Structure formats: structure tokens, C-alpha cells
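J.: This is my_file_28.csv (CSV, C-alpha atoms).
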```csv
chain,number,residue,atom,x,y,z
A,1,THR,CA,63.2,28.3,35.9
A,2,MET,CA,61.7,31.6,37.1
A,3,SER,CA,61.2,32.4,40.8
A,4,ASN,CA,61.0,35.2,43.4
A,5,ALA,CA,61.8,35.8,47.0
A,6,LEU,CA,58.3,34.7,48.1
A,7,GLY,CA,59.1,31.2,46.8
A,8,HIS,CA,56.9,31.1,43.7
A,9,ILE,CA,58.5,28.9,41.1
A,10,VAL,CA,57.6,28.4,37.4
A,11,VAL,CA,59.5,26.0,35.2
A,12,VAL,CA,59.1,26.0,31.4
A,13,THR,CA,60.9,24.2,28.5
A,14,ASN,CA,61.3,24.9,24.8
A,15,ARG,CA,58.2,22.8,24.3
A,16,GLY,CA,56.1,24.9,26.6
A,17,LEU,CA,54.8,25.0,30.1
A,18,HIS,CA,56.1,22.5,32.6
A,19,THR,CA,55.4,22.8,36.3
A,20,SER,CA,54.9,25.4,39.1
A,21,ALA,CA,55.6,25.2,42.9
A,22,SER,CA,55.2,27.4,46.0
A,23,VAL,CA,58.0,27.7,48.5
A,24,ASN,CA,59.4,24.2,47.9
A,25,ALA,CA,59.2,22.1,44.7
A,26,GLN,CA,59.6,18.8,46.6
A,27,GLN,CA,57.0,19.4,49.3
A,28,ASN,CA,54.4,21.7,47.5
A,29,ARG,CA,54.1,21.5,43.8
A,30,LEU,CA,51.2,23.5,42.5
A,31,THR,CA,51.2,21.5,39.3
A,32,PRO,CA,52.9,18.1,38.8
A,33,ASP,CA,56.2,17.5,37.2
A,34,TRP,CA,56.1,15.3,34.1
A,35,SER,CA,58.6,13.1,32.3
A,36,ASP,CA,60.7,15.0,29.8
A,37,ILE,CA,61.5,11.8,27.8
A,38,VAL,CA,58.2,11.3,26.0
A,39,THR,CA,56.3,13.4,23.5
A,40,LYS,CA,52.6,12.8,24.3
A,41,GLU,CA,52.4,13.0,28.1
A,42,VAL,CA,49.4,14.4,30.0
A,43,PRO,CA,50.1,18.1,30.3
A,44,SER,CA,50.5,19.7,33.8
A,45,GLU,CA,49.9,23.2,32.4
A,46,ALA,CA,48.6,24.2,28.9
A,47,PHE,CA,46.6,26.7,26.9
A,48,TYR,CA,44.0,25.4,24.4
A,49,ILE,CA,42.5,27.6,21.7
A,50,HIS,CA,39.6,26.3,19.5
A,51,ASP,CA,37.6,27.8,16.6
A,52,PRO,CA,34.2,26.2,16.7
A,53,ALA,CA,33.3,27.6,13.3
A,54,THR,CA,36.2,26.0,11.5
A,55,GLY,CA,37.1,23.2,13.8
A,56,GLU,CA,40.7,24.4,14.1
A,57,TRP,CA,42.8,23.9,17.2
A,58,PHE,CA,45.7,26.1,18.4
A,59,SER,CA,48.1,26.3,21.3
A,60,PRO,CA,50.6,29.1,22.0
A,61,THR,CA,53.2,26.4,22.8
A,62,TYR,CA,54.4,23.3,20.9
A,63,HIS,CA,53.1,21.0,23.6
A,64,PRO,CA,50.4,19.7,24.0
A,65,LEU,CA,49.1,19.8,20.5
A,66,ASN,CA,52.4,19.0,18.9
A,67,ASP,CA,50.9,20.4,15.7
A,68,PRO,CA,53.2,19.9,12.6
A,69,GLU,CA,51.2,22.6,10.8
A,70,ALA,CA,52.0,25.3,13.4
A,71,THR,CA,55.3,27.2,13.5
A,72,THR,CA,56.4,27.7,17.1
A,73,GLU,CA,59.4,29.3,18.8
A,74,SER,CA,60.5,29.8,22.4
A,75,GLU,CA,62.5,32.8,23.7
A,76,PHE,CA,64.3,32.9,27.1
A,77,GLY,CA,66.1,36.2,27.9
A,78,VAL,CA,67.8,38.0,30.7
A,79,ASP,CA,64.5,40.0,31.4
A,80,GLY,CA,63.2,37.1,33.5
A,81,ALA,CA,60.4,36.1,31.1
A,82,ALA,CA,59.7,33.2,28.8
A,83,VAL,CA,58.0,34.1,25.5
A,84,PHE,CA,56.3,31.5,23.3
A,85,ARG,CA,55.2,32.4,19.8
A,86,MET,CA,53.0,30.4,17.4
A,87,SER,CA,51.7,31.0,13.9
A,88,LYS,CA,49.2,28.8,11.9
A,89,GLY,CA,47.2,30.0,9.0
A,90,THR,CA,45.9,33.5,9.7
A,91,LEU,CA,46.3,33.2,13.5
A,92,GLU,CA,49.3,34.2,15.6
A,93,THR,CA,49.8,34.0,19.3
A,94,GLU,CA,52.3,35.2,21.9
A,95,LEU,CA,52.4,33.9,25.4
A,96,THR,CA,54.6,35.7,28.0
A,97,VAL,CA,55.2,33.9,31.3
A,98,PHE,CA,56.9,35.6,34.2
A,99,VAL,CA,57.1,35.7,38.0
A,100,PRO,CA,56.7,39.2,39.5
A,101,PRO,CA,59.1,40.0,42.4
A,102,ASP,CA,56.4,41.0,45.0
A,103,ASP,CA,53.5,38.5,44.5
A,104,PRO,CA,53.2,34.7,45.1
A,105,VAL,CA,52.1,34.1,41.6
A,106,GLY,CA,53.1,33.2,38.0
A,107,VAL,CA,51.5,35.4,35.3
A,108,TYR,CA,50.6,34.2,31.8
A,109,ILE,CA,49.8,37.0,29.3
A,110,LEU,CA,48.3,35.6,26.0
A,111,THR,CA,47.9,37.7,22.9
A,112,VAL,CA,45.9,36.3,20.0
A,113,LYS,CA,46.4,38.1,16.6
A,114,ASN,CA,43.9,37.6,13.8
A,115,ASN,CA,45.5,38.3,10.3
A,116,ALA,CA,42.2,37.5,8.5
A,117,ASP,CA,39.8,40.0,6.9
A,118,SER,CA,37.0,38.8,9.1
A,119,PRO,CA,36.7,38.6,12.9
A,120,ARG,CA,37.1,35.3,14.8
A,121,ARG,CA,35.3,34.0,17.8
A,122,LEU,CA,37.6,31.6,19.7
A,123,ARG,CA,37.3,29.5,22.8
A,124,VAL,CA,40.3,29.8,25.1
A,125,ALA,CA,41.0,27.5,28.0
A,126,PRO,CA,44.0,27.7,30.4
A,127,TYR,CA,44.4,24.3,32.1
A,128,PHE,CA,46.4,23.4,35.2
A,129,GLN,CA,46.4,20.1,37.1
A,130,ILE,CA,46.6,21.0,40.8
A,131,VAL,CA,48.7,19.0,43.3
A,132,LEU,CA,49.5,20.9,46.5
A,133,ALA,CA,51.8,18.1,47.6
A,134,GLY,CA,55.1,16.5,46.4
A,135,GLN,CA,53.3,14.4,43.8
A,136,PRO,CA,49.6,13.9,42.9
A,137,GLU,CA,49.4,10.5,44.6
A,138,HIS,CA,50.4,12.1,47.9
A,139,ALA,CA,47.8,15.0,47.8
A,140,GLY,CA,44.6,13.3,48.9
A,141,THR,CA,41.3,15.1,48.4
A,142,LEU,CA,41.5,18.9,48.0
A,143,SER,CA,39.0,21.5,49.0
A,144,VAL,CA,37.8,23.2,45.9
A,145,TRP,CA,35.6,26.3,45.3
A,146,THR,CA,34.9,28.8,42.6
A,147,ASP,CA,34.3,32.5,42.7
A,148,PRO,CA,32.6,33.6,39.4
A,149,ALA,CA,32.8,37.2,40.4
A,150,LEU,CA,36.6,37.0,40.4
A,151,ASN,CA,36.7,34.5,37.5
A,152,ALA,CA,38.8,32.3,39.8
A,153,VAL,CA,38.9,28.8,41.3
A,154,PHE,CA,40.6,28.0,44.6
A,155,PHE,CA,42.2,24.8,46.0
A,156,GLU,CA,43.4,24.0,49.5
A,157,ASN,CA,45.1,20.9,50.9
A,158,PRO,CA,44.3,20.5,54.6
A,159,ARG,CA,46.9,17.7,54.9
A,160,ASN,CA,49.8,19.7,53.7
A,161,THR,CA,51.4,21.1,56.9
A,162,PHE,CA,54.4,22.3,55.0
A,163,ARG,CA,52.5,25.0,53.0
A,164,THR,CA,49.0,26.2,54.0
A,165,GLY,CA,46.7,28.7,52.3
A,166,PRO,CA,44.7,28.6,49.1
A,167,ALA,CA,46.1,28.1,45.7
A,168,PHE,CA,44.2,29.8,42.9
A,169,VAL,CA,43.9,30.2,39.1
A,170,ALA,CA,42.1,33.2,37.7
A,171,VAL,CA,41.5,34.8,34.2
A,172,SER,CA,41.0,38.4,33.3
A,173,ASP,CA,38.0,37.6,31.1
A,174,ASP,CA,34.6,36.2,32.2
A,175,VAL,CA,34.7,32.5,32.7
A,176,GLU,CA,31.9,30.6,31.0
A,177,ARG,CA,32.7,27.2,32.5
A,178,PHE,CA,34.8,26.1,35.4
A,179,GLU,CA,35.9,22.4,35.4
A,180,THR,CA,37.8,21.0,38.4
A,181,ARG,CA,38.0,17.2,37.4
A,182,ARG,CA,40.5,16.1,34.8
A,183,GLY,CA,38.3,13.4,33.3
A,184,ARG,CA,35.4,15.8,32.8
A,185,PHE,CA,37.7,18.3,31.1
A,186,PHE,CA,39.3,15.9,28.6
A,187,GLY,CA,36.4,13.5,28.3
A,188,LYS,CA,36.2,9.7,28.3
A,189,ALA,CA,38.2,9.4,25.1
A,190,ARG,CA,41.1,11.2,26.8
A,191,VAL,CA,42.2,13.0,23.7
A,192,LEU,CA,44.8,15.3,25.2
A,193,ASP,CA,45.0,17.7,22.2
A,194,ARG,CA,41.2,18.0,21.8
A,195,PRO,CA,39.7,18.4,25.3
A,196,LEU,CA,36.0,17.8,25.2
A,197,LEU,CA,35.2,20.9,27.4
A,198,VAL,CA,36.9,23.1,24.9
A,199,GLU,CA,35.4,21.4,21.8
A,200,ARG,CA,31.8,21.3,23.0
A,201,GLY,CA,31.8,24.0,25.6
A,202,GLU,CA,30.5,21.4,28.1
A,203,PRO,CA,32.3,18.9,30.3
A,204,ASP,CA,31.9,15.2,30.0
A,205,VAL,CA,29.6,14.6,32.9
A,206,SER,CA,29.6,10.8,32.2
A,207,GLU,CA,33.3,10.6,33.1
A,208,ALA,CA,33.5,9.6,36.8
A,209,ILE,CA,36.8,7.7,37.0
A,210,ASP,CA,39.5,10.3,36.5
A,211,ASP,CA,38.8,12.8,39.3
A,212,ARG,CA,42.3,14.3,39.6
A,213,PRO,CA,41.8,18.0,40.5
A,214,VAL,CA,42.4,20.6,37.7
A,215,ALA,CA,41.6,24.2,37.0
A,216,GLY,CA,40.1,24.3,33.5
A,217,LEU,CA,38.6,27.7,32.8
A,218,LEU,CA,36.8,28.2,29.5
A,219,THR,CA,36.3,31.7,28.1
A,220,THR,CA,35.3,33.0,24.6
A,221,ILE,CA,37.1,35.9,23.0
A,222,GLU,CA,36.2,38.0,19.9
A,223,VAL,CA,39.3,38.9,17.9
A,224,PRO,CA,38.6,41.6,15.3
A,225,ALA,CA,39.7,41.4,11.7
A,226,ARG,CA,43.4,42.4,11.4
A,227,GLY,CA,43.4,42.9,15.2
A,228,SER,CA,44.4,41.3,18.4
A,229,TYR,CA,43.0,40.3,21.9
A,230,THR,CA,44.9,39.8,25.1
A,231,ILE,CA,44.0,38.0,28.3
A,232,ALA,CA,45.9,37.5,31.5
A,233,VAL,CA,46.0,34.3,33.6
A,234,VAL,CA,47.5,33.8,37.1
A,235,LEU,CA,48.4,30.7,39.1
A,236,GLY,CA,49.6,31.1,42.6
A,237,GLN,CA,49.2,30.3,46.3
A,238,ALA,CA,48.8,32.8,49.2
A,239,ASP,CA,48.8,32.5,53.0
A,240,ASP,CA,45.1,33.3,53.2
A,241,ARG,CA,42.1,33.9,51.0
A,242,ARG,CA,42.2,37.7,51.5
A,243,THR,CA,45.7,37.9,50.2
A,244,ALA,CA,44.8,35.5,47.3
A,245,GLU,CA,41.9,37.7,46.3
A,246,ALA,CA,44.0,40.8,46.4
A,247,VAL,CA,46.6,39.3,44.1
A,248,ILE,CA,43.8,38.1,41.7
A,249,ARG,CA,42.4,41.7,41.6
A,250,LYS,CA,45.8,43.1,40.9
A,251,TYR,CA,46.0,41.2,37.6
A,252,GLN,CA,42.4,41.3,36.5
A,253,ASP,CA,43.2,44.3,34.2
A,254,VAL,CA,45.4,43.2,31.4
A,255,ALA,CA,47.0,46.7,31.2
A,256,ASP,CA,48.1,46.3,34.9
A,257,ALA,CA,49.5,42.8,34.2
A,258,GLU,CA,51.5,44.2,31.3
A,259,ASP,CA,52.8,47.0,33.5
A,260,VAL,CA,54.1,44.5,36.0
A,261,ALA,CA,55.7,42.5,33.2
A,262,ARG,CA,57.6,45.6,32.0
A,263,MET,CA,58.6,46.4,35.6
A,264,THR,CA,59.8,42.8,36.2
A,265,ALA,CA,61.8,42.9,32.9
A,266,ARG,CA,63.5,46.2,33.9
A,267,LEU,CA,64.4,44.7,37.3
A,268,HIS,CA,66.0,41.6,35.8
A,269,GLN,CA,67.9,43.7,33.2
A,270,ARG,CA,69.4,45.9,35.8
A,271,GLN,CA,70.5,42.9,37.8
A,272,ALA,CA,72.1,41.4,34.7
A,273,GLU,CA,74.2,44.5,34.1
```
Can you present the structure in this file as C-alpha cells?
T.:
Amino acid sequence: TMSNALGHIVVVTNRGLHTSASVNAQQNRLTPDWSDIVTKEVPSEAFYIHDPATGEWFSPTYHPLNDPEATTESEFGVDGAAVFRMSKGTLETELTVFVPPDDPVGVYILTVKNNADSPRRLRVAPYFQIVLAGQPEHAGTLSVWTDPALNAVFFENPRNTFRTGPAFVAVSDDVERFETRRGRFFGKARVLDRPLLVERGEPDVSEAIDDRPVAGLLTTIEVPARGSYTIAVVLGQADDRRTAEAVIRKYQDVADAEDVARMTARLHQRQAE
């Protein structure tokens, strides 16, 4: 569990991402908790990577793909971060997750390394199911809006009197598709390790039953031969939209996000001494 004095909470496991909350995990989960006793549950938070040219799928964490062909490892240190590494074929990933001390947000920095002699064009989709209540069934209908200029999607629950203000998910790269309904993201077949939006680049508009709110943001990255590419993703909740937008802008530059990661690590290491 990672948290800060502003009340942002991120929980991970050795299998990957788990759940996030703002101020109180019982009253205001940003993403839902899921059972830790099964191996194929619907993810609350995940990163999907797909190569349309080869049909290959990747994720920087063991869950949700549970891919026996991928080598994964998890590292939890005294620097206040969780680091997940994956390797499969000629592709390697590293996902660093941390909570900065001064912002109401969790930060996810994903680096994709291409060990092949030719470049790769990959679809990347961070995915978060949004709650803004104790549990999804208690949330009711959320207000949802997107801001393509910020590469961000916002959610607000007018019924949650415990915690007000917009929750948000944003990506440092340009977002090609925003999807805010779970059924349209995964598709009618509900293949949790092969979301239709990521596979086809288009949502399943025929799926109208599963309308649980999600933040599914699809972007495409070009990873050079023998090179790497890094993106930053944030999930948080602020007291008002102005503050939320300021936090998003702070982490839109990957270099700035990495600077905050190093600062956060130094702070935790000093506290551990």
C-alpha cells in the first residue's frame, strides 16, 4: 500500500495493480477492490499492450493476461514505489507505480523496450474501472466528460457527500480513443485479456448491457529498434476541476514525472534511515 498525507491510496500485489482510493478506502474507492482468491477476475486497474502487426499481447504485470510465455517480476522497496517488470520475446516493459507526497494522485510510468532490429508500433491502453463510492453497486450514475486537449477523462459522483470533486485519468501521449463503458471496452465476448477496443482500435458499440464506468484510454506508440519509449499515466481525485487540471499538466511531461519519482524515492529513503 502506498499513500500520502492528502489521502491518496494505491494498493498493488505481486500479481499487479489492485485498487486505489481517495481519503477513505471504505467511503470513496476510485477503483473497486477485487477478490484475491481467484485467478481470472475482472481487473480494476490494468495496462494492455497489443501489436496489431503480429497479434501479440503484453502486459507489464502478471494480471490480467496471466501469460505463461511472459516472465514477470515484482519489486517493492523502501523507496515508496512498486516496480513491475515483464519480458516476452523481444519486448521488455517496466512499470513504476508511486504516490507523490504533494499531489492527490497515483503515478504510473511505463517504459517499453524493443530488443528487435526493427521498430514496433504498439497499442497501449491503461484501464481503470471507476467507482467513487464504497463499492460499484453503491455509486449510482456518474458524471463523465473527456478533455482531448489534456488527454484526460473526468468522473464525478454528485451523490458522494463524503468526498466531492472530480476524479481523473490522464496520459502523457495523445489519446486516440476514450472509452467510458466497460462493456464497450471489452466487447460482448468479455475476453478480459483481449479487450476489443485494444484489438480493433474501436469500441464494441453493440454492447449496451455492461455500462459500468471505466477509463479506457487508447494510444499508439512507436518504439524504435533497440530502443525504448516511456509514457506516464495518472489516476487521482482533486477538490475541484482547476486543481485536477493543474495536477494533470504537472505530469504530462514524462521527464517531469520521472523527476517526481526520484524525489519521492529520496524522501522515502531518508525516512527509512
J.: What gap, in Å, lies between atom CA of Thr111 of chain A and atom CA of Ser228 of chain A?
T.: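 That distance, rounded to one decimal, is 6.7 Å.
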J.: Would you kindly return, as a ChimeraX atom specification, each protein, DNA or RNA residue with an atom no farther than 8 Å from any atom of segment 48-64 of chain A, considering all atoms listed in the file and excluding same-chain residues fewer than 5 positions away?
T.: /A:15-17,40,43,72-73,84-86,88,93-95,110,120-127,192-194,198-199
J.: Atom CA of Pro32 of chain A and atom CA of Gly216 of chain A, how far apart in Å?
T.: 15.2 Å
J.: Around (31.7, 10.5, 30.1) in the file's frame, which residues reach within 9 Å when counting only C-alpha atoms? Return as a PyMOL selection string?
T.: chain A and resi 183-184+187-189+203-208
J.: Can you pull out every residue within 10 Å of Ala225 of chain A, counting all atoms listed in the file, but drop anything in the same chain fewer than 6 positions away, and send it as a ChimeraX atom specification?
T.: /A:113-120
J.: Would you mind exporting the chosen residues as a JSON list (two decimals), in the frame of the given file, restricted to C-alpha atoms?
T.:
```
[["chain", "number", "residue", "atom", "x", "y", "z"],
["A", 113, "LYS", "CA", 46.40, 38.10, 16.60],
["A", 114, "ASN", "CA", 43.90, 37.60, 13.80],
["A", 115, "ASN", "CA", 45.50, 38.30, 10.30],
["A", 116, "ALA", "CA", 42.20, 37.50, 8.50],
["A", 117, "ASP", "CA", 39.80, 40.00, 6.90],
["A", 118, "SER", "CA", 37.00, 38.80, 9.10],
["A", 119, "PRO", "CA", 36.70, 38.60, 12.90],
["A", 120, "ARG", "CA", 37.10, 35.30, 14.80]]
```
J.: For atom CA of Arg200 of chain A and atom CA of Arg177 of chain A, quote the distance in Å rounded to one decimal.
T.: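 Those two atoms sit 11.2 Å apart.
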J.: In terms of the shortest atom-to-atom distance over all atoms listed in the file, which of A:Thr164, A:Ser172, A:Thr1, A:Gln129 is closest to Asp239 of chain A?
T.: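 Going through A:Thr164, A:Ser172, A:Thr1, A:Gln129 one by one, the smallest distance to Asp239 of chain A is for A:Thr164.
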J.: With a distance cut-off of 12 Å and all atoms listed in the file, select the neighbouring residues of Gln271 of chain A, excluding the residue or stretch itself and same-chain residues fewer than 6 positions from it, and output the selection as a PyMOL selection string.
T.: chain A and resi 78-80+264-265
J.: Okay, now the selection with C-alpha atoms, as an mmCIF file, in the coordinates of the input?
T.:
```cif
data_model
loop_
_atom_site.group_PDB
_atom_site.id
_atom_site.type_symbol
_atom_site.label_atom_id
_atom_site.label_comp_id
_atom_site.auth_asym_id
_atom_site.auth_seq_id
_atom_site.Cartn_x
_atom_site.Cartn_y
_atom_site.Cartn_z
ATOM 1 C CA VAL A 78 67.800 38.000 30.700
ATOM 2 C CA ASP A 79 64.500 40.000 31.400
ATOM 3 C CA GLY A 80 63.200 37.100 33.500
ATOM 4 C CA THR A 264 59.800 42.800 36.200
ATOM 5 C CA ALA A 265 61.800 42.900 32.900
#
```
J.: Check the smallest atom-to-atom distance from each of A:Leu91, A:Leu235, A:Ala25, A:Ala149 to Gln135 of chain A using only C-alpha atoms, then report the winner.
T.: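 That would be A:Ala25, the residue with the smallest distance to Gln135 of chain A.
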J.: Could you check the closest approach to Val97 of chain A for each of A:Glu222, A:Glu273, A:Glu179, A:Glu258 and tell me which residue wins, using all atoms listed in the file?
T.: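 Among the listed residues, A:Glu258 lies closest to Val97 of chain A.
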J.: Considering only C-alpha atoms, can you say which of A:Leu267, A:Ile109, A:Val23, A:Leu218 comes closest to Glu176 of chain A?
T.: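 Among A:Leu267, A:Ile109, A:Val23, A:Leu218, it is A:Leu218 that comes nearest to Glu176 of chain A.
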